[in-house]
Amino acid sequence: SSTRQAPPAKVDVLVVGAGFAGLAMLHRLRGEGFHTHVVEAGSGIGGTWFWNRYPGARCDVDSTDYSYSFSDELQKEWRWSERYATQPEILRYIEHVADRFELRPDITLDTRVSEAHWDEAGSRWEVRTEPGDRISARYLIMATGCLSTTKQPDIDGIEDFAGQVVHTADWPAEGVDLAGKRVGIVGTGSSGIQVIPEIAAEVGRLHVFQRTPNFSVPARHRPLTDAERAAIIAEYPQRRERARLSPTGLAAVTPNPQSALDVDEAERQAHYEKWWDSAGFGFLLCYADLLTNQEANDTAAEFIRAKIGEQVDDPVLAEKLMPHGYPYGAKRPCVDNGYYQTFNRPNVELIDLLSTPLVKTTRNGLCTTEAEYSLDVLIFATGFDAMTGSLLKPVIRGHDGVTLREHWRAGPLTYLGVTTSGFPNLFIVAGPGSPSLLGNVLVSIEQHVDWISDLLTRSRSEGKPTIDTAPGAEQDWVRHVNDTAAHMLYTAANSYYLGAEVPGKPRVFMPYAGGLRRYRRECDKVARDGYPGLIRN
Ligand code: NA7
């Protein structure tokens with residue numbers, strides 16, 4: 001924009017991305033005396049919560065836990081209005097944090113990093129941006145998000161479509177006029193499942209193009225009472241500690257340690273009913289072995305399918321909405337606010353792409369093998385190039401000019417999800433090989449921010465500012481990440497955890513599935529032992 005001020009030409013740390021991760025990184029490192037600057041591609045701060053402005057966008061984790069723990073004053077003064085906050089409320093919170101901690105002077109908006117190369121002689125990153133800035137930084141920290149590079153389906157003829165095309169994660173700030181329109185939506189993941197019930201009453205007709213049916217349980221949104229909020233604020237320190245020491249970072253849910261197979265059918269049904277009525281996103285934790293034992297998982301999957309059947313009037317339609325053939329939780333589970341009931345509306349139609357695949361777009365709308373659907377607006381809720389998309393978009397060159405894309409040709413290679421060998425002084429927040437996508441991402445983000453900051457601070461005081469990763473350490477970590485996923489059910493579904501969301505992407509299970517608690521222990525041990533996997537000088 002016309003008011004854009006160029007970023008500084010030389011800094012200690014350049015952070016890419018002004019979402020939850022980038023802002024926390026800035027606050028912490030600036031406090032440690034590092035000259036730190038953030039560049040952000042968007043025209044506002046907030047990352048995910050800046051871009052995903054579609055109707056119905058919400059967090060699936062309790063707001064009281066999906067928030068920063070680094071400031072006791074902040075967590076005491078902020079009043080979350082609902083159990084799961086809406087996008088506008090989360091964005092207001094992020095804006096408040098930026099103002100409260102005076103972060104804005106150290107952030108440059110409208111600035112996308114286009115390339116970065118490691119200058120061997122100077123031991124620095126030389127970074128270029130799309131507006132044309134050159135920034136020299138000792139450390140380059142990618143806080144670019146796991147789900148931030150949007151993905152559009154490759155449908156022939158999309159440029160011929162005469163109507164409006166929008167992606168949920170790139171929703172126009174001014175909104176989209178849907179009133180009375182013929183609207184098509186492709187994608188029934190978390191975003192599709194949130195937006196569909198929200199717009200169904202307003203649109204003229206809604207055509208939902210579903211490829212893989214998903215498992216969704218009721219979100220059970222509700223306002224927080226003053227008493228509830230006060231109780232949470234009063235016990236925040238213990239609550240945060242509970243989140244940090246839990247496998248998922250979800251402090252609001254106490255996982256049931258029982259196996260689903262240890263109880264009889266009647267008891268299991270009663271237990272599922274109880275959790276269905278209140279657990280929201282925590283439903284996956286109602287038995288301990290849902291992600292490790294297929295037979296246990298089948299009981300939950302069957303329960304959810306029956307619930308879909310109860311919510312949808314037409315049994316043939318209900319059957320089409322039921323997921324089959326992959327375990328519950330192996331794709332990111334969804335929570336909803338009346339999603340299945342939406343299909344009882346006379347103006348909503350489900351198009352099952354498994355039996356009638358998409359063929360092309362025309363001037364008028366979308367064609368499947370069976371029919372042409374005339375549309376005014378086409379919504380893509382088709383997700384992201386997950387975990388690696390935003391890391392591989394800029395050209396990043398490490399030792400000997402090797403690009404990150406070349407180094408990760410067969411899949412992402414990281415040490416602790418944070419560093420990658422041959423790319424000294426490059427750090428990733430919530431990257432592949434970290435547990436960030438398999439729990440409350442805020443807990444992962446704060447852990448990464450602390451771990452990276454401790455490393456930089458310690459390396460500075462030890463006079464070893466240049467930090468690379470031993471190739472062996474990276475190989476060991478990738479093997480460990482694979483091992484933790486191997487005895488779980490994750491690999492039994494096509495998911496973005498596995499790179500299945502983008503044709504041609506290496507099929508590798510990317511997140512660390514050993515849980516946040518175990519991950520934190522491993523990272524703490526590495527720090528205690530003096531960072532054996534890193535080469536510092
Ligand atoms: P997701 O969860 O990746 O969902 C994308 C949806 O789009 C999913 O239903 C896909 O079906 C569908 N899709 C993707 N490409 C196509 C094509 N080419 N044709 C038809 N359908 C397609 O993204 P979301 O935005 O919903 O959620 C992302 C995260 O946001 C979520 O995990 C939470 O953390 C919040 P598929 O299953 O691939 O058959």
# chains A, B, ... in the order shown; residues from 1 in each chain; ligands from 1
call {"tool": "residues_near_ligand", "arguments": {"ligand": "ligand 1", "cutoff": "8 Å", "atoms": "only C-alpha atoms and all ligand atoms", "output": "MDAnalysis selection string"}}
result
chainID A and resid 59:60 147 151:155 168:169 186:193 209:214 331:334 353 358 380:384 437 494:496 500:502
call {"tool": "write_last_selection", "arguments": {"atoms": "C-alpha atoms", "output": "PDB file, in the first residue's frame"}}
result
ATOM      1  CA  CYS A  59     -11.616 -22.320  15.887  1.00  0.00           C
ATOM      2  CA  ASP A  60     -12.254 -25.952  16.896  1.00  0.00           C
ATOM      3  CA  LEU A 147      -2.221 -24.484   6.307  1.00  0.00           C
ATOM      4  CA  LYS A 151      -5.074 -25.234  -3.133  1.00  0.00           C
ATOM      5  CA  GLN A 152      -7.576 -25.028  -5.964  1.00  0.00           C
ATOM      6  CA  PRO A 153      -8.796 -28.103  -7.747  1.00  0.00           C
ATOM      7  CA  ASP A 154      -7.407 -28.498 -11.207  1.00  0.00           C
ATOM      8  CA  ILE A 155     -10.684 -28.458 -13.166  1.00  0.00           C
ATOM      9  CA  THR A 168     -12.582 -20.011   1.777  1.00  0.00           C
ATOM     10  CA  ALA A 169      -9.041 -19.092   2.848  1.00  0.00           C
ATOM     11  CA  VAL A 186     -16.427 -27.913  -3.657  1.00  0.00           C
ATOM     12  CA  GLY A 187     -14.910 -29.460  -0.528  1.00  0.00           C
ATOM     13  CA  THR A 188     -16.351 -30.883   2.677  1.00  0.00           C
ATOM     14  CA  GLY A 189     -13.417 -30.634   5.092  1.00  0.00           C
ATOM     15  CA  SER A 190     -13.506 -28.442   8.206  1.00  0.00           C
ATOM     16  CA  SER A 191     -13.941 -25.241   6.175  1.00  0.00           C
ATOM     17  CA  GLY A 192     -16.726 -26.575   3.941  1.00  0.00           C
ATOM     18  CA  ILE A 193     -18.506 -28.081   6.938  1.00  0.00           C
ATOM     19  CA  PHE A 209     -19.800 -31.140  -4.334  1.00  0.00           C
ATOM     20  CA  GLN A 210     -18.460 -33.838  -2.030  1.00  0.00           C
ATOM     21  CA  ARG A 211     -15.530 -36.075  -2.829  1.00  0.00           C
ATOM     22  CA  THR A 212     -14.695 -37.875   0.442  1.00  0.00           C
ATOM     23  CA  PRO A 213     -17.404 -37.839   3.157  1.00  0.00           C
ATOM     24  CA  ASN A 214     -16.014 -36.735   6.510  1.00  0.00           C
ATOM     25  CA  LYS A 331      -8.171 -37.366   8.308  1.00  0.00           C
ATOM     26  CA  ARG A 332      -8.438 -34.249  10.453  1.00  0.00           C
ATOM     27  CA  PRO A 333     -11.784 -34.742  12.246  1.00  0.00           C
ATOM     28  CA  CYS A 334     -14.431 -32.052  11.809  1.00  0.00           C
ATOM     29  CA  LEU A 353     -18.259 -36.833  -6.811  1.00  0.00           C
ATOM     30  CA  LEU A 358     -16.175 -33.430 -11.910  1.00  0.00           C
ATOM     31  CA  PHE A 380     -13.597 -23.665  -3.217  1.00  0.00           C
ATOM     32  CA  ALA A 381     -13.283 -25.104   0.274  1.00  0.00           C
ATOM     33  CA  THR A 382     -10.544 -27.298  -1.120  1.00  0.00           C
ATOM     34  CA  GLY A 383      -7.897 -26.739   1.514  1.00  0.00           C
ATOM     35  CA  PHE A 384      -4.173 -26.218   1.372  1.00  0.00           C
ATOM     36  CA  LEU A 437      -1.067 -30.214  13.302  1.00  0.00           C
ATOM     37  CA  ASN A 494      -5.714 -40.050   2.110  1.00  0.00           C
ATOM     38  CA  SER A 495      -5.013 -36.904   4.082  1.00  0.00           C
ATOM     39  CA  TYR A 496      -2.970 -33.756   4.046  1.00  0.00           C
ATOM     40  CA  ALA A 500      -2.184 -36.867  -0.411  1.00  0.00           C
ATOM     41  CA  GLU A 501      -3.907 -33.505  -0.918  1.00  0.00           C
ATOM     42  CA  VAL A 502      -1.649 -32.417  -3.771  1.00  0.00           C
TER      43      VAL A 502
END
call {"tool": "select_by_dssp", "arguments": {"residues": "stretch 280-440 of chain A", "states": "strand (DSSP E or B)", "output": "PyMOL selection string"}}
result
chain A and resi 334-336+348-352+358-361+365-368+372-374+377-380+384+395-397+403+415+419+426-428
call {"tool": "atom_distance", "arguments": {"atom1": "atom CA of A:Leu404", "atom2": "atom CA of A:Glu126"}}
result
15.0 Å
call {"tool": "residues_around", "arguments": {"residues": "A:His407", "least_positions_apart": "2", "cutoff": "12 Å", "atoms": "only C-alpha atoms", "output": "list in words"}}
result
Leu392, Val395, Ile396, Arg397, Gly398, His399, Asp400, Gly401, Val402, Thr403, Leu404, Arg405, Arg409, Ala410, Gly411, Pro412, Leu413, Thr414, Thr420, Ser421, Gly422, Phe423, Pro471 and Glu474 of chain A
call {"tool": "decode", "arguments": {"residues": "stretch 276-312 of chain A", "atoms": "N, CA and C atoms", "output": "compact mmCIF listing (two decimals), in the first residue's frame"}}
result
# COMPACT_ATOMS: atom_id res chain seq x y z
N TRP A 276 -20.80 -37.30 22.82
CA TRP A 276 -21.42 -36.67 21.65
C TRP A 276 -22.13 -35.37 22.05
N ASP A 277 -22.78 -35.41 23.24
CA ASP A 277 -23.56 -34.26 23.70
C ASP A 277 -22.72 -33.09 24.18
N SER A 278 -21.44 -33.32 24.46
CA SER A 278 -20.69 -32.21 25.05
C SER A 278 -19.24 -32.07 24.59
N ALA A 279 -18.63 -33.13 24.08
CA ALA A 279 -17.16 -33.11 23.91
C ALA A 279 -16.69 -32.18 22.80
N GLY A 280 -17.52 -31.94 21.78
CA GLY A 280 -17.04 -31.14 20.66
C GLY A 280 -15.83 -31.80 20.03
N PHE A 281 -14.78 -31.01 19.78
CA PHE A 281 -13.58 -31.53 19.12
C PHE A 281 -12.91 -32.64 19.93
N GLY A 282 -13.17 -32.65 21.23
CA GLY A 282 -12.54 -33.65 22.09
C GLY A 282 -13.08 -35.06 21.93
N PHE A 283 -14.10 -35.22 21.08
CA PHE A 283 -14.74 -36.54 20.93
C PHE A 283 -13.72 -37.65 20.62
N LEU A 284 -12.69 -37.30 19.90
CA LEU A 284 -11.66 -38.27 19.51
C LEU A 284 -10.95 -38.87 20.73
N LEU A 285 -11.04 -38.19 21.88
CA LEU A 285 -10.34 -38.65 23.08
C LEU A 285 -11.24 -39.47 23.99
N CYS A 286 -12.43 -39.84 23.50
CA CYS A 286 -13.36 -40.52 24.41
C CYS A 286 -12.94 -41.96 24.69
N TYR A 287 -12.10 -42.53 23.87
CA TYR A 287 -11.40 -43.77 24.23
C TYR A 287 -9.94 -43.63 23.82
N ALA A 288 -9.06 -44.32 24.55
CA ALA A 288 -7.62 -44.10 24.36
C ALA A 288 -7.08 -44.72 23.08
N ASP A 289 -7.80 -45.72 22.53
CA ASP A 289 -7.20 -46.47 21.42
C ASP A 289 -7.88 -46.23 20.07
N LEU A 290 -8.61 -45.12 19.95
CA LEU A 290 -9.32 -44.89 18.68
C LEU A 290 -8.36 -44.69 17.51
N LEU A 291 -7.16 -44.20 17.81
CA LEU A 291 -6.22 -43.97 16.70
C LEU A 291 -5.15 -45.05 16.59
N THR A 292 -5.27 -46.09 17.45
CA THR A 292 -4.25 -47.14 17.38
C THR A 292 -4.83 -48.52 17.09
N ASN A 293 -6.12 -48.67 17.26
CA ASN A 293 -6.72 -50.01 17.11
C ASN A 293 -7.92 -49.92 16.15
N GLN A 294 -7.82 -50.61 15.05
CA GLN A 294 -8.87 -50.53 14.03
C GLN A 294 -10.24 -50.96 14.56
N GLU A 295 -10.23 -52.02 15.37
CA GLU A 295 -11.49 -52.53 15.90
C GLU A 295 -12.14 -51.50 16.84
N ALA A 296 -11.32 -50.85 17.65
CA ALA A 296 -11.82 -49.80 18.54
C ALA A 296 -12.36 -48.65 17.69
N ASN A 297 -11.58 -48.28 16.69
CA ASN A 297 -11.99 -47.18 15.82
C ASN A 297 -13.32 -47.48 15.14
N ASP A 298 -13.50 -48.73 14.72
CA ASP A 298 -14.74 -49.11 14.03
C ASP A 298 -15.97 -48.80 14.89
N THR A 299 -15.83 -48.94 16.22
CA THR A 299 -17.00 -48.70 17.08
C THR A 299 -17.38 -47.22 17.06
N ALA A 300 -16.37 -46.36 17.06
CA ALA A 300 -16.64 -44.91 17.01
C ALA A 300 -17.18 -44.52 15.64
N ALA A 301 -16.56 -45.07 14.58
CA ALA A 301 -16.99 -44.75 13.21
C ALA A 301 -18.44 -45.16 13.01
N GLU A 302 -18.78 -46.34 13.53
CA GLU A 302 -20.15 -46.84 13.39
C GLU A 302 -21.13 -45.95 14.15
N PHE A 303 -20.72 -45.50 15.34
CA PHE A 303 -21.56 -44.61 16.13
C PHE A 303 -21.82 -43.30 15.36
N ILE A 304 -20.78 -42.73 14.79
CA ILE A 304 -20.95 -41.45 14.07
C ILE A 304 -21.82 -41.65 12.84
N ARG A 305 -21.62 -42.74 12.12
CA ARG A 305 -22.46 -43.01 10.94
C ARG A 305 -23.93 -43.09 11.34
N ALA A 306 -24.21 -43.77 12.46
CA ALA A 306 -25.61 -43.87 12.91
C ALA A 306 -26.16 -42.48 13.23
N LYS A 307 -25.33 -41.63 13.82
CA LYS A 307 -25.75 -40.27 14.15
C LYS A 307 -26.04 -39.46 12.88
N ILE A 308 -25.24 -39.68 11.85
CA ILE A 308 -25.51 -38.99 10.57
C ILE A 308 -26.88 -39.44 10.08
N GLY A 309 -27.12 -40.73 10.17
CA GLY A 309 -28.42 -41.28 9.76
C GLY A 309 -29.58 -40.64 10.51
N GLU A 310 -29.38 -40.36 11.79
CA GLU A 310 -30.46 -39.74 12.58
C GLU A 310 -30.71 -38.29 12.19
N GLN A 311 -29.66 -37.63 11.66
CA GLN A 311 -29.79 -36.19 11.40
C GLN A 311 -30.33 -35.88 10.00
N VAL A 312 -30.25 -36.87 9.11
CA VAL A 312 -30.64 -36.63 7.72
C VAL A 312 -31.92 -37.42 7.42
